Structure formats: C-alpha cells, structure tokens
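Text of the file model-v4.tsv, holding TSV, C-alpha atoms and all ligand atoms:
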chain	number	residue	atom	x	y	z
F	1	MET	CA	139.02	71.88	23.44
F	2	LYS	CA	136.80	70.52	20.70
F	3	LYS	CA	134.25	72.96	19.31
F	4	ILE	CA	130.65	71.84	18.78
F	5	VAL	CA	128.39	73.29	16.10
F	6	ILE	CA	124.61	72.85	15.83
F	7	ILE	CA	122.37	73.95	12.97
F	8	GLY	CA	118.77	74.45	14.06
F	9	GLU	CA	115.89	76.28	15.63
F	10	VAL	CA	115.94	79.06	18.22
F	11	LEU	CA	112.59	80.15	19.63
F	12	VAL	CA	110.82	81.44	22.69
F	13	GLU	CA	108.49	79.34	24.77
F	14	ILE	CA	105.46	80.83	26.49
F	15	MET	CA	103.99	78.56	29.13
F	16	ALA	CA	100.44	78.35	30.42
F	17	ASP	CA	100.32	78.80	34.20
F	18	THR	CA	97.56	76.20	34.61
F	19	THR	CA	97.27	72.63	33.39
F	20	GLY	CA	94.39	71.92	31.03
F	21	HIS	CA	93.54	71.65	27.39
F	22	GLY	CA	94.99	74.08	24.89
F	23	PHE	CA	94.54	77.77	24.24
F	24	THR	CA	90.95	78.28	23.16
F	25	ALA	CA	90.25	80.73	26.01
F	26	PRO	CA	92.19	83.61	27.59
F	27	GLN	CA	94.46	82.40	30.40
F	28	PRO	CA	97.51	83.37	32.44
F	29	LEU	CA	100.82	82.74	30.72
F	30	THR	CA	104.48	83.03	31.71
F	31	GLY	CA	107.25	83.75	29.24
F	32	PRO	CA	109.00	84.37	26.96
F	33	PHE	CA	111.60	81.76	27.94
F	34	PRO	CA	114.56	81.14	25.60
F	35	SER	CA	114.08	77.76	23.89
F	36	GLY	CA	114.63	75.43	20.93
F	37	ALA	CA	116.27	72.02	21.35
F	38	PRO	CA	119.56	73.09	19.66
F	39	ALA	CA	119.69	76.26	21.79
F	40	ILE	CA	119.12	74.33	25.03
F	41	PHE	CA	121.81	71.82	24.07
F	42	ALA	CA	124.23	74.66	23.25
F	43	ALA	CA	123.51	76.48	26.53
F	44	GLN	CA	124.18	73.31	28.56
F	45	ALA	CA	127.42	72.52	26.69
F	46	ALA	CA	128.60	76.13	27.18
F	47	CYS	CA	127.73	75.90	30.87
F	48	LEU	CA	130.26	73.05	31.09
F	49	GLY	CA	132.84	75.26	29.42
F	50	GLN	CA	132.78	73.55	26.01
F	51	PRO	CA	133.21	75.80	22.95
F	52	VAL	CA	129.88	75.65	21.07
F	53	GLY	CA	128.20	77.71	18.37
F	54	LEU	CA	124.74	77.80	16.82
F	55	ILE	CA	123.70	78.40	13.24
F	56	SER	CA	120.21	79.85	13.34
F	57	ALA	CA	118.16	83.00	12.89
F	58	VAL	CA	115.94	85.22	15.01
F	59	GLY	CA	113.76	88.18	14.13
F	60	ASP	CA	114.68	91.79	14.88
F	61	ASP	CA	112.43	91.71	17.96
F	62	ASP	CA	112.49	91.21	21.72
F	63	PHE	CA	111.88	87.45	21.42
F	64	GLY	CA	115.08	87.27	19.39
F	65	ARG	CA	116.99	89.34	21.92
F	66	VAL	CA	115.74	87.13	24.79
F	67	ASN	CA	117.59	84.30	23.05
F	68	THR	CA	120.72	85.97	21.73
F	69	ASP	CA	121.37	87.85	25.00
F	70	ARG	CA	120.89	84.70	27.05
F	71	LEU	CA	122.98	82.45	24.79
F	72	ALA	CA	125.79	84.99	24.71
F	73	ARG	CA	125.67	85.22	28.52
F	74	GLU	CA	125.94	81.42	28.73
F	75	GLY	CA	129.05	81.59	26.54
F	76	VAL	CA	127.54	80.22	23.30
F	77	ASP	CA	129.11	81.53	20.07
F	78	THR	CA	126.18	83.51	18.59
F	79	SER	CA	128.14	84.95	15.65
F	80	ALA	CA	126.17	82.79	13.19
F	81	ILE	CA	122.70	83.62	14.57
F	82	PHE	CA	121.40	85.82	11.78
F	83	THR	CA	118.92	88.62	12.52
F	84	ASP	CA	116.24	88.39	9.85
F	85	PRO	CA	114.62	91.80	9.24
F	86	ASP	CA	111.57	90.23	7.55
F	87	ARG	CA	110.47	87.38	9.82
F	88	PRO	CA	109.64	87.20	13.53
F	89	THR	CA	111.47	85.02	16.05
F	90	GLY	CA	110.00	81.52	16.38
F	91	SER	CA	107.65	80.80	19.25
F	92	ALA	CA	105.88	77.93	20.96
F	93	PHE	CA	102.97	78.29	23.37
F	94	VAL	CA	102.82	75.20	25.55
F	95	ARG	CA	100.26	73.96	28.04
F	96	TYR	CA	100.55	70.76	30.04
F	97	ARG	CA	97.47	68.55	30.22
F	98	PRO	CA	96.62	66.87	33.53
F	99	ASP	CA	98.09	63.57	32.21
F	100	GLY	CA	101.47	65.20	31.41
F	101	ALA	CA	100.86	65.39	27.62
F	102	ARG	CA	101.33	68.82	26.06
F	103	ASP	CA	99.32	71.05	23.73
F	104	PHE	CA	101.32	73.42	21.52
F	105	VAL	CA	100.73	76.41	19.28
F	106	PHE	CA	103.87	76.70	17.13
F	107	ASN	CA	105.22	79.48	14.94
F	108	ILE	CA	108.47	77.95	13.69
F	109	ARG	CA	108.22	77.09	9.99
F	110	HIS	CA	107.42	80.64	8.91
F	111	SER	CA	109.59	82.31	11.54
F	112	ALA	CA	113.17	83.54	11.15
F	113	CYS	CA	114.66	80.15	12.08
F	114	GLY	CA	112.43	78.30	9.57
F	115	THR	CA	114.67	79.53	6.74
F	116	LEU	CA	118.33	78.56	6.40
F	117	HIS	CA	120.61	81.59	6.13
F	118	ASP	CA	123.88	80.41	4.62
F	119	THR	CA	125.97	83.42	5.71
F	120	PRO	CA	129.76	83.93	5.79
F	121	GLN	CA	129.51	83.77	9.61
F	122	ALA	CA	127.80	80.38	9.35
F	123	ARG	CA	130.51	79.10	6.99
F	124	ALA	CA	133.25	80.34	9.31
F	125	LEU	CA	131.66	78.56	12.28
F	126	LEU	CA	131.20	75.33	10.30
F	127	ASP	CA	134.83	75.45	9.18
F	128	SER	CA	136.05	75.90	12.76
F	129	ALA	CA	134.02	73.04	14.28
F	130	ASP	CA	135.37	69.67	15.47
F	131	HIS	CA	131.99	68.13	16.25
F	132	LEU	CA	128.49	68.43	14.76
F	133	HIS	CA	125.45	67.77	16.92
F	134	VAL	CA	122.27	67.08	14.96
F	135	MET	CA	118.74	67.35	16.33
F	136	GLY	CA	116.07	65.47	14.36
F	137	SER	CA	113.72	68.38	15.07
F	138	SER	CA	116.06	70.57	13.03
F	139	LEU	CA	115.82	68.40	9.89
F	140	SER	CA	112.71	70.38	9.03
F	141	GLY	CA	113.28	70.94	5.33
F	142	PRO	CA	115.57	69.96	2.45
F	143	ASP	CA	118.01	72.86	3.07
F	144	PHE	CA	118.51	71.94	6.71
F	145	VAL	CA	118.90	68.25	5.87
F	146	ALA	CA	121.43	69.02	3.13
F	147	LEU	CA	123.56	71.35	5.27
F	148	ASN	CA	123.59	68.91	8.20
F	149	LEU	CA	124.62	66.01	5.95
F	150	GLU	CA	127.24	68.09	4.12
F	151	THR	CA	128.66	69.30	7.44
F	152	ALA	CA	128.68	65.79	8.92
F	153	ARG	CA	130.69	64.51	5.95
F	154	ALA	CA	133.12	67.46	6.03
F	155	ILE	CA	133.74	67.25	9.77
F	156	ARG	CA	134.30	63.50	9.68
F	157	ALA	CA	136.61	63.84	6.66
F	158	ARG	CA	138.87	66.05	8.78
F	159	GLY	CA	138.81	63.70	11.77
F	160	GLY	CA	135.90	65.21	13.69
F	161	THR	CA	132.79	63.51	15.05
F	162	VAL	CA	128.99	63.64	14.86
F	163	SER	CA	126.28	63.10	17.48
F	164	PHE	CA	122.60	62.67	16.60
F	165	ASP	CA	119.48	62.97	18.76
F	166	PRO	CA	116.48	61.96	16.60
F	167	ASN	CA	114.18	64.02	18.87
F	168	LEU	CA	111.33	62.59	16.97
F	169	ARG	CA	107.97	61.14	17.76
F	170	LYS	CA	106.09	58.53	15.75
F	171	GLU	CA	103.64	61.17	14.49
F	172	ILE	CA	106.27	62.98	12.43
F	173	LEU	CA	108.32	60.00	11.27
F	174	PHE	CA	106.25	59.80	8.11
F	175	ALA	CA	106.83	63.41	7.01
F	176	PRO	CA	108.03	63.40	3.38
F	177	GLY	CA	111.74	62.64	3.10
F	178	LEU	CA	112.29	62.55	6.86
F	179	ALA	CA	112.85	58.80	7.17
F	180	GLU	CA	115.46	58.93	4.38
F	181	ALA	CA	117.17	61.92	5.98
F	182	MET	CA	117.29	60.12	9.33
F	183	ALA	CA	118.78	57.00	7.71
F	184	GLU	CA	121.48	59.05	5.96
F	185	MET	CA	122.21	60.85	9.21
F	186	ILE	CA	122.59	57.57	11.11
F	187	ALA	CA	125.17	56.41	8.58
F	188	LEU	CA	127.28	59.46	9.53
F	189	THR	CA	126.75	59.24	13.30
F	190	ASP	CA	129.40	58.40	15.92
F	191	LEU	CA	127.31	59.00	19.05
F	192	PHE	CA	123.57	58.24	18.88
F	193	LEU	CA	121.20	59.63	21.55
F	194	PRO	CA	117.68	58.25	21.02
F	195	SER	CA	114.94	58.35	23.63
F	196	GLY	CA	112.24	55.72	24.22
F	197	ASP	CA	111.12	53.94	21.05
F	198	GLU	CA	113.35	56.11	18.84
F	199	LEU	CA	115.94	53.39	19.47
F	200	THR	CA	114.05	50.83	17.40
F	201	LEU	CA	112.06	53.18	15.09
F	202	LEU	CA	115.00	53.90	12.81
F	203	THR	CA	116.09	50.27	12.48
F	204	ALA	CA	114.74	47.05	10.99
F	205	ALA	CA	114.86	45.50	14.47
F	206	SER	CA	111.88	44.60	16.61
F	207	THR	CA	113.66	44.46	19.97
F	208	GLU	CA	116.02	46.91	21.67
F	209	THR	CA	118.82	44.35	21.79
F	210	GLU	CA	118.56	43.74	18.03
F	211	ALA	CA	118.42	47.48	17.38
F	212	ILE	CA	121.62	48.05	19.39
F	213	THR	CA	123.43	45.30	17.47
F	214	GLU	CA	122.20	46.67	14.14
F	215	LEU	CA	123.21	50.26	14.94
F	216	LEU	CA	126.68	49.25	16.16
F	217	ASP	CA	127.09	47.11	13.01
F	218	ARG	CA	126.14	50.16	10.92
F	219	GLY	CA	129.17	52.01	12.32
F	220	ILE	CA	127.77	53.93	15.29
F	221	ARG	CA	130.44	53.95	18.02
F	222	ALA	CA	128.27	54.63	21.06
F	223	ILE	CA	124.53	54.65	21.84
F	224	VAL	CA	122.99	56.41	24.80
F	225	HIS	CA	119.34	55.50	25.29
F	226	LYS	CA	117.25	57.99	27.32
F	227	ASN	CA	114.20	56.76	29.15
F	228	GLY	CA	112.87	59.72	31.15
F	229	ALA	CA	112.15	58.94	34.80
F	230	ALA	CA	113.18	55.31	34.14
F	231	GLY	CA	116.82	56.33	33.57
F	232	ALA	CA	119.24	55.73	30.71
F	233	ALA	CA	121.64	53.19	29.23
F	234	PHE	CA	124.95	53.23	27.35
F	235	HIS	CA	126.03	50.70	24.72
F	236	ASP	CA	129.19	50.32	22.68
F	237	ALA	CA	131.07	47.37	21.20
F	238	ARG	CA	132.69	46.65	24.58
F	239	GLN	CA	130.01	47.18	27.18
F	240	SER	CA	126.44	48.01	28.13
F	241	LEU	CA	125.69	50.09	31.22
F	242	SER	CA	122.29	50.99	32.55
F	243	ALA	CA	121.41	53.43	35.29
F	244	SER	CA	118.29	54.45	37.18
F	245	ALA	CA	117.27	58.09	37.14
F	246	TYR	CA	117.90	60.35	40.13
F	247	PRO	CA	114.71	60.81	42.14
F	248	VAL	CA	113.46	64.39	41.80
F	249	ASP	CA	110.13	66.21	41.75
F	250	GLU	CA	109.38	66.79	38.09
F	251	ILE	CA	108.20	70.37	37.51
F	252	ASP	CA	108.77	70.72	33.74
F	253	PRO	CA	110.26	67.89	31.66
F	254	THR	CA	110.92	70.08	28.58
F	255	GLY	CA	114.64	70.32	27.93
F	256	ALA	CA	115.71	67.31	30.01
F	257	GLY	CA	116.77	65.32	26.96
F	258	ASP	CA	118.70	68.27	25.54
F	259	CYS	CA	120.56	68.98	28.81
F	260	PHE	CA	121.27	65.25	29.22
F	261	GLY	CA	122.51	65.01	25.62
F	262	ALA	CA	124.72	68.09	25.88
F	263	THR	CA	126.33	66.87	29.09
F	264	PHE	CA	126.94	63.36	27.75
F	265	THR	CA	128.29	64.64	24.42
F	266	THR	CA	130.59	67.19	26.07
F	267	LEU	CA	132.07	64.59	28.43
F	268	TRP	CA	132.37	62.05	25.59
F	269	LEU	CA	134.35	64.63	23.59
F	270	ARG	CA	136.65	64.96	26.61
F	271	ASP	CA	137.20	61.16	26.74
F	272	THR	CA	135.47	60.88	30.12
F	273	SER	CA	134.58	57.27	30.98
F	274	PRO	CA	131.10	56.20	29.81
F	275	ALA	CA	130.05	55.44	33.41
F	276	ARG	CA	130.89	58.94	34.65
F	277	ALA	CA	129.48	60.64	31.54
F	278	LEU	CA	126.22	58.70	31.93
F	279	ASP	CA	126.00	59.54	35.63
F	280	LEU	CA	126.55	63.27	35.15
F	281	ALA	CA	124.23	63.35	32.11
F	282	MET	CA	121.52	61.80	34.27
F	283	ALA	CA	122.18	64.43	36.94
F	284	SER	CA	121.88	67.07	34.21
F	285	GLY	CA	118.50	65.69	33.02
F	286	ALA	CA	117.22	65.34	36.58
F	287	ILE	CA	118.14	68.92	37.51
F	288	ALA	CA	116.54	70.19	34.27
F	289	VAL	CA	113.12	68.72	35.11
F	290	THR	CA	113.06	70.51	38.47
F	291	ARG	CA	113.11	73.98	36.85
F	292	ARG	CA	110.26	75.70	35.06
F	293	GLY	CA	111.29	76.83	31.57
F	294	PRO	CA	113.15	74.82	28.92
F	295	MET	CA	116.60	76.43	29.30
F	296	GLU	CA	116.40	77.28	33.01
F	297	GLY	CA	117.80	73.94	34.19
F	298	THR	CA	121.36	74.12	32.85
F	299	SER	CA	124.17	73.19	35.27
F	300	ASP	CA	127.93	73.63	35.49
F	301	LEU	CA	130.27	70.71	36.21
F	302	ASP	CA	130.59	71.45	39.94
F	303	SER	CA	126.79	71.48	40.35
F	304	LEU	CA	126.49	68.17	38.50
F	305	ASP	CA	129.22	66.59	40.62
F	306	THR	CA	127.67	67.89	43.83
F	307	PHE	CA	124.21	66.68	42.80
F	308	ALA	CA	125.44	63.22	41.76
F	309	SER	CA	127.60	62.69	44.85
F	310	SER	CA	124.92	63.86	47.26
F	311	ARG	CA	122.24	61.35	46.28
F	312	GLU	CA	121.69	57.83	45.04
F	313	PRO	CA	119.88	56.98	41.79
F	314	ARG	CA	116.34	55.65	42.28
F	315	SER	CA	116.54	51.96	43.22
K	401	LIG	P1	112.77	65.73	25.57
K	401	LIG	O1	111.33	65.69	25.95
K	401	LIG	O2	113.51	66.92	26.12
K	401	LIG	O3	113.03	65.48	24.10
K	401	LIG	P2	113.99	63.13	25.86
K	401	LIG	O4	112.87	62.19	25.60
K	401	LIG	O5	115.00	63.35	24.79
K	401	LIG	O6	113.40	64.51	26.37
K	401	LIG	P3	114.21	62.04	28.52
K	401	LIG	O7	114.43	60.59	28.45
K	401	LIG	O8	112.86	62.56	28.85
K	401	LIG	O9	114.78	62.67	27.17
K	401	LIG	O10	115.22	62.67	29.59
K	401	LIG	C1	116.63	62.51	29.49
K	401	LIG	C2	117.21	62.02	30.79
K	401	LIG	O11	116.95	62.99	31.82
K	401	LIG	C3	116.64	60.70	31.31
K	401	LIG	O12	117.33	59.60	30.73
K	401	LIG	C4	116.88	60.82	32.81
K	401	LIG	O13	118.21	60.48	33.13
K	401	LIG	C5	116.68	62.32	33.05
K	401	LIG	N1	115.27	62.56	33.44
K	401	LIG	C6	114.24	62.88	32.63
K	401	LIG	N2	113.08	62.95	33.33
K	401	LIG	C7	113.39	62.68	34.61
K	401	LIG	C8	112.66	62.59	35.84
K	401	LIG	N3	111.34	62.81	35.89
K	401	LIG	N4	113.34	62.29	36.98
K	401	LIG	C9	114.66	62.09	36.96
K	401	LIG	N5	115.42	62.14	35.85
K	401	LIG	C10	114.80	62.43	34.68
K	402	MG	MG	114.52	64.60	23.14

Structure re-expressed in structure tokens:
Amino acid sequence: MKKIVIIGEVLVEIMADTTGHGFTAPQPLTGPFPSGAPAIFAAQAACLGQPVGLISAVGDDDFGRVNTDRLAREGVDTSAIFTDPDRPTGSAFVRYRPDGARDFVFNIRHSACGTLHDTPQARALLDSADHLHVMGSSLSGPDFVALNLETARAIRARGGTVSFDPNLRKEILFAPGLAEAMAEMIALTDLFLPSGDELTLLTAASTETEAITELLDRGIRAIVHKNGAAGAAFHDARQSLSASAYPVDEIDPTGAGDCFGATFTTLWLRDTSPARALDLAMASGAIAVTRRGPMEGTSDLDSLDTFASSREPRS
C-alpha cells in the first residue's frame, strides 16, 4: 500500500464549554484534545488502514504525550515526531461564538512544532513515502515551504503523487511569501482539495467553472471542492460530480475538512472510483462534525460504509 507523509503542526486543542466571545474571563474548559490539521488527517488515514507518517515536533510534556500516544494508537508512524527538550507542545484554545465563528488563542509559532527539525528519522520517512499531503496551514515559514516543495519534487520524480489542501482563509493569504508558496505548490499538485472560496482564490479566475478549467490546465489531475454543510464536488478532465452533504447535527465542525480530505486521498490512492471516494469522504466529514474534539470523529472503512448506506444525502 502507498505510504503517505505529511510535514506539519501537532498541537493540543482546549475547548471552551460555553459559546461566547473569547477568553478574557475565567471559564470552564475541556481538553487537551489531540489536534493539528496534519495530525487529524494522519489519524483518519491510519484509521482506514493506510500507511501514514508525520514529520513534526512536540515538547517533552503531557500535551506532547497526548498526541504521540494517540497517534501511535491510531497506527500513525510517529518515528519522525521529534521531542524538543526546549519548547512546549503547541496549543490552541478555541471558543465558538453564537454565530458559529471561533475565537482562538494560539501557541504554535514558538512551540515545538513551529521549528522544523530535519532529523535522520524525518529523512528516512520522506525517503520511504509514495505520497505527500500538504496542508496550507503548515506552510508557516520558509523552512516548511522549502521542505514541502523539495519533497513534492522528489516524490513525483520517483513516480509518487502529491495532494494539497490550502486550508487557508482570506485573512492569511497576504502573509509574506505565502501566495508564491501556494502557487509553487499548486504546480506540483495531483489532487487539490480546496474548500469554499479557496477554489478561486489561488487562480486568476473569477468563477468556479473558470477556476476548475485553469487548475486542470495547470496540470492538476483531480479537484475535490469542499463546501461544508452544502456538500462537495469532484472535477477531473473527464467528469464533474457533485453531492449533497449527509444530514447530521453539527456539534463541532473542526476537523471535518481534514477527515474528509484523508478519506478521499486514501481512497484515491487505492484507485477507488471518484463517486465512491466522494461519498465516503462526505460520510467521513459528516461523522466528524457530530463529535466534540478535532480528532475524535475519525472512522474506519466499515463505519463509513455503514453510515453511507444507512442514510440518504440531504436533498
Ligand atoms: P475545516 O474547517 O476543517 O478546514 P473545510 O472547510 O476544509 O473544514 P468543510 O467543507 O467544512 O471542510 O467540510 C468537509 C466536508 O465535510 C464537507 O464537504 C461535507 O461533506 C462534510 N461536512 C462538513 N460540515 C458538515 C455538516 N454540517 N453536515 C454534514 N456534512 C458536513
Ligand atoms: Mg480545511
């Protein structure tokens, strides 16, 4: 089976128990939950039985162990998660506002995973990988951009593939160098997994249809466009498919895109038909939003099949 590698952040998430605005007063919290978009993606891929490893770092602390113990239990290759003796594990405090928006207090940049540790274990994992998955949120500095681009080129040169989830919001698109990094990444992407307006943001196009044509012309083989509770669509040179989301009660949307992406990418690597991969990815995203905690909504293949066959997508 093809092995996936991801280079990026691992952190804990601590969630406010009540909805409201921010953290300026004492309040009840629940956590630490294991988190980080690359870690959630890896956990979901491992849950489907796909070989997957993460290149990251945690501190020598309980928040780090919450992650490494959990990822190892899920079957993720944690050999290249470095334990940094000098920096704490990354963290994010999150509180939902009544309108569904979120307030965060982040400690990522100056945490263990904010620095790239180019270790022999990391090199061994990179050399053994058949597929690189890139999260835009992980392109957080020149070192991370350079290693992702270098790895993408090396993996493709030996016949492997690259998937890319921009995981980006308009607010950070104008960070120095980020737009250039995203453009270079797109040029090396086989499977592109944007959500919402990320589809058009990284193109010269003004409509979704134009953006799809432009991206396919630029060499992307397949595009999967995520649209939250409105569903998702698949596009390649041969066909376009769109599907409504499965109706569920949304408890916590964090991690839905990562579970969806991991399920689609894993099935794509197994040459599953786009229609089935899209259906099970949507089941994966739908199940994820029903669980509190970013990594708590992972599912194995039987659970996805059972979920998808027991209900109809929203009409
Ligand atoms: P993230 O916030 O994790 O980055 P994303 O924007 O990348 O998420 P979404 O589009 O929010 O990704 O979710 C991915 C997929 O999960 C959707 O295309 C849909 O199939 C499913 N999904 C997400 N939210 C819901 C929901 N409320 N109900 C049903 N399915 C959902
Ligand atoms: Mg996302």

Where is the centre and how long are the edges: axis-aligned box on stretch 44-53 of chain F, 4 Å on each side, Å to one decimal, as lines of an AutoDock Vina configuration file:
center_x = 128.7
center_y = 75.1
center_z = 24.7
size_x = 17.0
size_y = 13.2
size_z = 20.7

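Shell of F:Ala154 at 12 Å, with all atoms listed in the file counted and residues fewer than 5 places along the chain excluded, is Arg123, Leu126, Asp127, Ser128, Ala129, Asp130, His131, Leu132, Leu147, Asn148, Leu149, Gly159, Gly160, Thr161, Val162 and Leu188 of chain F.
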
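Atom CA of F:Ser137 is positioned 7.7 Å from atom CA of F:Ala37.
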
Which residues are near ligand LIG 401 (chain K) - at most 7 Å, using only C-alpha atoms and all ligand atoms? Format: as a PyMOL selection string. chain F and resi 167+194-196+226-232+245-250+253-258+260+281-286+289

As a PyMOL selection string, please: the residues near F:Thr265 (cut-off 10 Å, only C-alpha atoms, same-chain neighbours under 6 positions excluded). chain F and resi 4+41+45+131+133+162-164+191-193+224+259+271-272+277-278+281

In the coordinates of the file, take the point (122.5, 48.4, 16.0) and a cut-off of 10 Å; then, counting all atoms listed in the file, name each qualifying protein, DNA or RNA residue as a list in words. Leu199, Thr200, Leu202, Thr203, Ala204, Ala205, Glu208, Thr209, Glu210, Ala211, Ile212, Thr213, Glu214, Leu215, Leu216, Asp217, Arg218, Gly219, Ile220, Arg221, Ala222, Ile223, His235 and Asp236 of chain F

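Remark: for F:Gly20, the closest of the candidate residues F:Ala124, F:Ala101, F:Ala46, F:Ile6 is F:Ala101 (distances computed over only C-alpha atoms).
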
Incomplete stretch 256-289 of chain F brought to N, CA and C atoms, written out as a compact mmCIF listing (two decimals), keeping the file's coordinate frame:
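Generated output (selection_36.txt):
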# COMPACT_ATOMS: atom_id res chain seq x y z
N ALA F 256 114.89 68.31 29.30
CA ALA F 256 115.71 67.31 30.01
C ALA F 256 116.60 66.54 29.05
N GLY F 257 116.01 66.11 27.93
CA GLY F 257 116.77 65.32 26.96
C GLY F 257 117.91 66.13 26.35
N ASP F 258 117.67 67.42 26.16
CA ASP F 258 118.70 68.27 25.54
C ASP F 258 119.84 68.53 26.53
N CYS F 259 119.50 68.78 27.80
CA CYS F 259 120.56 68.98 28.81
C CYS F 259 121.35 67.68 29.00
N PHE F 260 120.63 66.57 29.10
CA PHE F 260 121.27 65.25 29.22
C PHE F 260 122.23 65.04 28.05
N GLY F 261 121.71 65.26 26.83
CA GLY F 261 122.51 65.01 25.62
C GLY F 261 123.74 65.89 25.56
N ALA F 262 123.59 67.16 25.93
CA ALA F 262 124.72 68.09 25.88
C ALA F 262 125.78 67.68 26.89
N THR F 263 125.35 67.27 28.07
CA THR F 263 126.33 66.87 29.09
C THR F 263 127.05 65.59 28.66
N PHE F 264 126.28 64.60 28.17
CA PHE F 264 126.94 63.36 27.75
C PHE F 264 127.92 63.65 26.61
N THR F 265 127.46 64.39 25.60
CA THR F 265 128.29 64.64 24.42
C THR F 265 129.57 65.40 24.80
N THR F 266 129.43 66.41 25.64
CA THR F 266 130.59 67.19 26.07
C THR F 266 131.61 66.30 26.77
N LEU F 267 131.14 65.45 27.69
CA LEU F 267 132.07 64.59 28.43
C LEU F 267 132.67 63.52 27.52
N TRP F 268 131.88 63.03 26.58
CA TRP F 268 132.37 62.05 25.59
C TRP F 268 133.49 62.68 24.75
N LEU F 269 133.31 63.94 24.37
CA LEU F 269 134.35 64.63 23.59
C LEU F 269 135.63 64.82 24.41
N ARG F 270 135.47 64.81 25.73
CA ARG F 270 136.65 64.96 26.61
C ARG F 270 137.22 63.61 27.04
N ASP F 271 136.73 62.51 26.42
CA ASP F 271 137.20 61.16 26.74
C ASP F 271 136.94 60.75 28.19
N THR F 272 135.88 61.32 28.78
CA THR F 272 135.47 60.88 30.12
C THR F 272 134.93 59.46 30.01
N SER F 273 135.06 58.65 31.07
CA SER F 273 134.58 57.27 30.98
C SER F 273 133.06 57.27 30.78
N PRO F 274 132.54 56.26 30.03
CA PRO F 274 131.10 56.20 29.81
C PRO F 274 130.30 56.19 31.12
N ALA F 275 130.81 55.52 32.15
CA ALA F 275 130.05 55.44 33.41
C ALA F 275 129.89 56.82 34.04
N ARG F 276 130.97 57.60 34.05
CA ARG F 276 130.89 58.94 34.65
C ARG F 276 130.06 59.88 33.76
N ALA F 277 130.25 59.77 32.45
CA ALA F 277 129.48 60.64 31.54
C ALA F 277 127.99 60.36 31.68
N LEU F 278 127.63 59.07 31.79
CA LEU F 278 126.22 58.70 31.93
C LEU F 278 125.66 59.24 33.25
N ASP F 279 126.44 59.08 34.31
CA ASP F 279 126.00 59.54 35.63
C ASP F 279 125.75 61.05 35.64
N LEU F 280 126.71 61.81 35.11
CA LEU F 280 126.55 63.27 35.15
C LEU F 280 125.48 63.73 34.15
N ALA F 281 125.31 63.01 33.04
CA ALA F 281 124.23 63.35 32.11
C ALA F 281 122.87 63.13 32.79
N MET F 282 122.77 62.06 33.56
CA MET F 282 121.52 61.80 34.27
C MET F 282 121.27 62.87 35.32
N ALA F 283 122.33 63.32 35.98
CA ALA F 283 122.18 64.43 36.94
C ALA F 283 121.70 65.67 36.19
N SER F 284 122.24 65.91 35.01
CA SER F 284 121.88 67.07 34.21
C SER F 284 120.39 67.03 33.82
N GLY F 285 119.92 65.85 33.38
CA GLY F 285 118.50 65.69 33.02
C GLY F 285 117.60 65.84 34.24
N ALA F 286 118.04 65.28 35.36
CA ALA F 286 117.22 65.34 36.58
C ALA F 286 117.09 66.79 37.07
N ILE F 287 118.19 67.52 37.07
CA ILE F 287 118.14 68.92 37.51
C ILE F 287 117.23 69.72 36.56
N ALA F 288 117.34 69.44 35.26
CA ALA F 288 116.54 70.19 34.27
C ALA F 288 115.04 70.07 34.53
N VAL F 289 114.57 68.89 34.93
CA VAL F 289 113.12 68.72 35.11
C VAL F 289 112.59 69.42 36.37
